[in-house]
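Have a look at my_file_39.txt; it's compact mmCIF, C-alpha atoms:
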```
# COMPACT_ATOMS: atom_id res chain seq x y z
CA MET C 1 163.46 -168.54 217.26
CA PRO C 2 161.12 -169.43 214.41
CA ILE C 3 161.64 -172.26 211.97
CA TYR C 4 161.46 -171.11 208.36
CA HIS C 5 160.75 -173.39 205.40
CA TYR C 6 162.46 -172.65 202.10
CA ARG C 7 161.67 -174.26 198.76
CA PRO C 8 163.65 -174.15 195.52
CA ALA C 9 162.43 -171.67 192.90
CA GLU C 10 163.65 -173.88 190.06
CA THR C 11 164.91 -177.42 189.53
CA ALA C 12 166.70 -178.72 192.58
CA CYS C 13 168.84 -181.50 193.96
CA GLU C 14 167.71 -184.29 196.26
CA ALA C 15 168.74 -182.27 199.34
CA CYS C 16 166.43 -179.31 198.65
CA ARG C 17 163.75 -180.79 196.35
CA ASP C 18 161.22 -181.17 199.21
CA GLY C 19 162.29 -177.92 200.84
CA VAL C 20 164.70 -176.94 203.57
CA ASP C 21 163.80 -176.09 207.18
CA ARG C 22 166.02 -173.65 209.02
CA LEU C 23 165.92 -172.47 212.64
CA GLN C 24 167.01 -168.85 212.61
CA LYS C 25 166.62 -165.55 214.41
CA LEU C 26 164.19 -162.97 213.05
CA GLY C 27 167.05 -160.67 212.11
CA ASP C 28 169.09 -163.33 210.29
CA SER C 29 169.26 -163.10 206.53
CA ALA C 30 167.51 -165.78 204.52
CA PRO C 31 169.57 -168.40 202.71
CA VAL C 32 169.69 -167.50 199.03
CA HIS C 33 171.04 -170.73 197.56
CA CYS C 34 171.03 -174.44 198.36
CA PRO C 35 174.45 -175.34 199.84
CA GLN C 36 174.68 -178.48 197.67
CA CYS C 37 173.34 -177.57 194.22
CA GLY C 38 173.16 -173.77 194.34
CA ALA C 39 169.44 -173.57 193.47
CA VAL C 40 167.73 -170.33 194.42
CA LEU C 41 165.66 -170.77 197.63
CA VAL C 42 162.43 -168.88 198.36
CA ARG C 43 160.80 -168.69 201.81
CA GLN C 44 157.48 -170.54 201.84
CA LEU C 45 154.53 -169.40 203.95
CA SER C 46 153.30 -172.07 206.34
CA ALA C 47 150.99 -172.51 209.31
CA PRO C 48 152.36 -171.35 212.67
CA GLN C 49 153.26 -173.79 215.42
CA VAL C 50 150.79 -173.90 218.29
CA VAL C 51 152.19 -173.96 221.81
CA SER C 52 150.41 -176.64 223.84
CA GLY C 53 151.92 -175.66 227.16
CA GLN C 54 148.84 -173.61 228.07
CA ALA C 55 146.29 -176.40 227.49
CA HIS C 56 145.24 -176.25 231.15
CA ARG C 57 143.69 -172.85 230.45
CA LEU C 58 141.03 -174.53 228.32
CA GLY C 59 139.79 -176.66 231.23
CA GLU C 60 136.36 -176.30 232.80
CA LYS C 61 137.70 -175.21 236.18
CA HIS C 62 139.79 -172.43 234.64
CA ALA C 63 136.86 -171.17 232.50
CA ALA C 64 134.45 -171.04 235.46
CA LYS C 65 137.05 -169.33 237.66
CA HIS C 66 137.27 -166.46 235.16
CA GLY C 67 133.52 -166.12 234.64
CA PHE C 68 133.16 -168.02 231.37
CA THR C 69 130.56 -170.66 230.65
CA ARG C 70 131.42 -173.90 228.83
CA TYR C 71 128.92 -176.05 227.00
CA GLN C 72 129.27 -179.54 225.57
CA ARG C 73 127.22 -180.82 222.68
CA ALA C 74 124.68 -183.36 223.95
CA GLY C 75 122.84 -183.96 220.71
CA LYS C 76 121.73 -182.26 217.52
CA GLY C 77 121.14 -178.64 218.49
CA VAL C 78 121.34 -179.38 222.24
CA TYR C 79 124.18 -178.20 224.47
CA GLU C 80 124.62 -178.89 228.19
CA LYS C 81 126.52 -176.61 230.55
CA THR C 82 129.71 -178.14 231.96
CA ALA C 83 131.09 -175.11 233.84
CA GLY C 84 130.35 -171.54 234.78
CA PRO C 85 127.18 -169.44 235.07
CA GLY C 86 124.30 -169.53 232.61
CA PRO C 87 121.44 -171.80 231.62
CA ASP C 88 121.92 -175.55 232.12
CA ILE C 89 120.74 -176.46 228.61
CA ILE C 90 120.68 -174.57 225.32
CA LYS C 91 118.39 -175.91 222.57
CA GLY C 92 118.19 -174.77 218.96
CA ASN C 93 114.85 -174.38 217.23
```
Once you've parsed the file, please lay out its structure as structure tokens.
Amino acid sequence: MPIYHYRPAETACEACRDGVDRLQKLGDSAPVHCPQCGAVLVRQLSAPQVVSGQAHRLGEKHAAKHGFTRYQRAGKGVYEKTAGPGPDIIKGN
């Protein structure tokens, strides 16, 4: 279930002045008013949450296993291979 952030469209009380977060199903209707002061609430667009449970997929071993090459910056315009096929060093002109 996503967490939605709502902000007041007009003057608001202390409870909703900084916005209200609400965990709700996609099909649930949006809250229309603040439960304390009755101010009209509008859903605010925000950045999505990133799931970090798949961080192991970014590792060098995982990249090489699937045929990808990883490089690490070694200096200005110079990159050294850390995993996978490909040239050992890439240099910019």
Contact residues around Lys25 (chain C) with all atoms listed in the file at 12 Å, ignoring same-chain residues under 5 positions, as JSON, numbers by chain = {"C": [1, 2, 3, 4, 30]}
note = Expressed in Å, the length from CA of Glu14 (chain C) to CA of Leu26 (chain C) is 27.4 Å
request  = One decimal, Å: what's the distance from CA of Gly27 (chain C) over to CA of Ser46 (chain C), could you say?
outcome  = 18.8 Å
inquiry  = So that I can check the surroundings of region 36-43 of chain C, please list as a ChimeraX atom specification every protein, DNA and RNA residue that reaches within 8 Å of it, counting only C-alpha atoms and ignoring chain neighbours fewer than 3 positions away.
reply    = /C:4-13,15,30-33
query = So what do you get for CA of Gly67 (chain C) versus CA of Lys91 (chain C), distance-wise?
reply = 21.7 Å
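For the residues C:Asp88, C:Phe68, C:Tyr79, C:Cys34, ranking by smallest atom-to-atom distance to Gly19 (chain C) using only C-alpha atoms places C:Cys34 first.
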task = Would you kindly return, as a ChimeraX atom specification, each protein, DNA or RNA residue with an atom no farther than 9 Å from any atom of Ala83 (chain C), considering all atoms listed in the file and excluding same-chain residues fewer than 4 positions away?
result = /C:60-61,63-64,68-71
Distance query 10 Å from (116.3, -180.2, 219.0) using all atoms listed in the file, result as an NGL selection string = :C and (75-79 or 90-93)
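When all atoms listed in the file are used to compute distances to Lys65 (chain C), the closest of the residues C:Gln44, C:Gly84, C:Arg17, C:Ile89 turns out to be C:Gly84.
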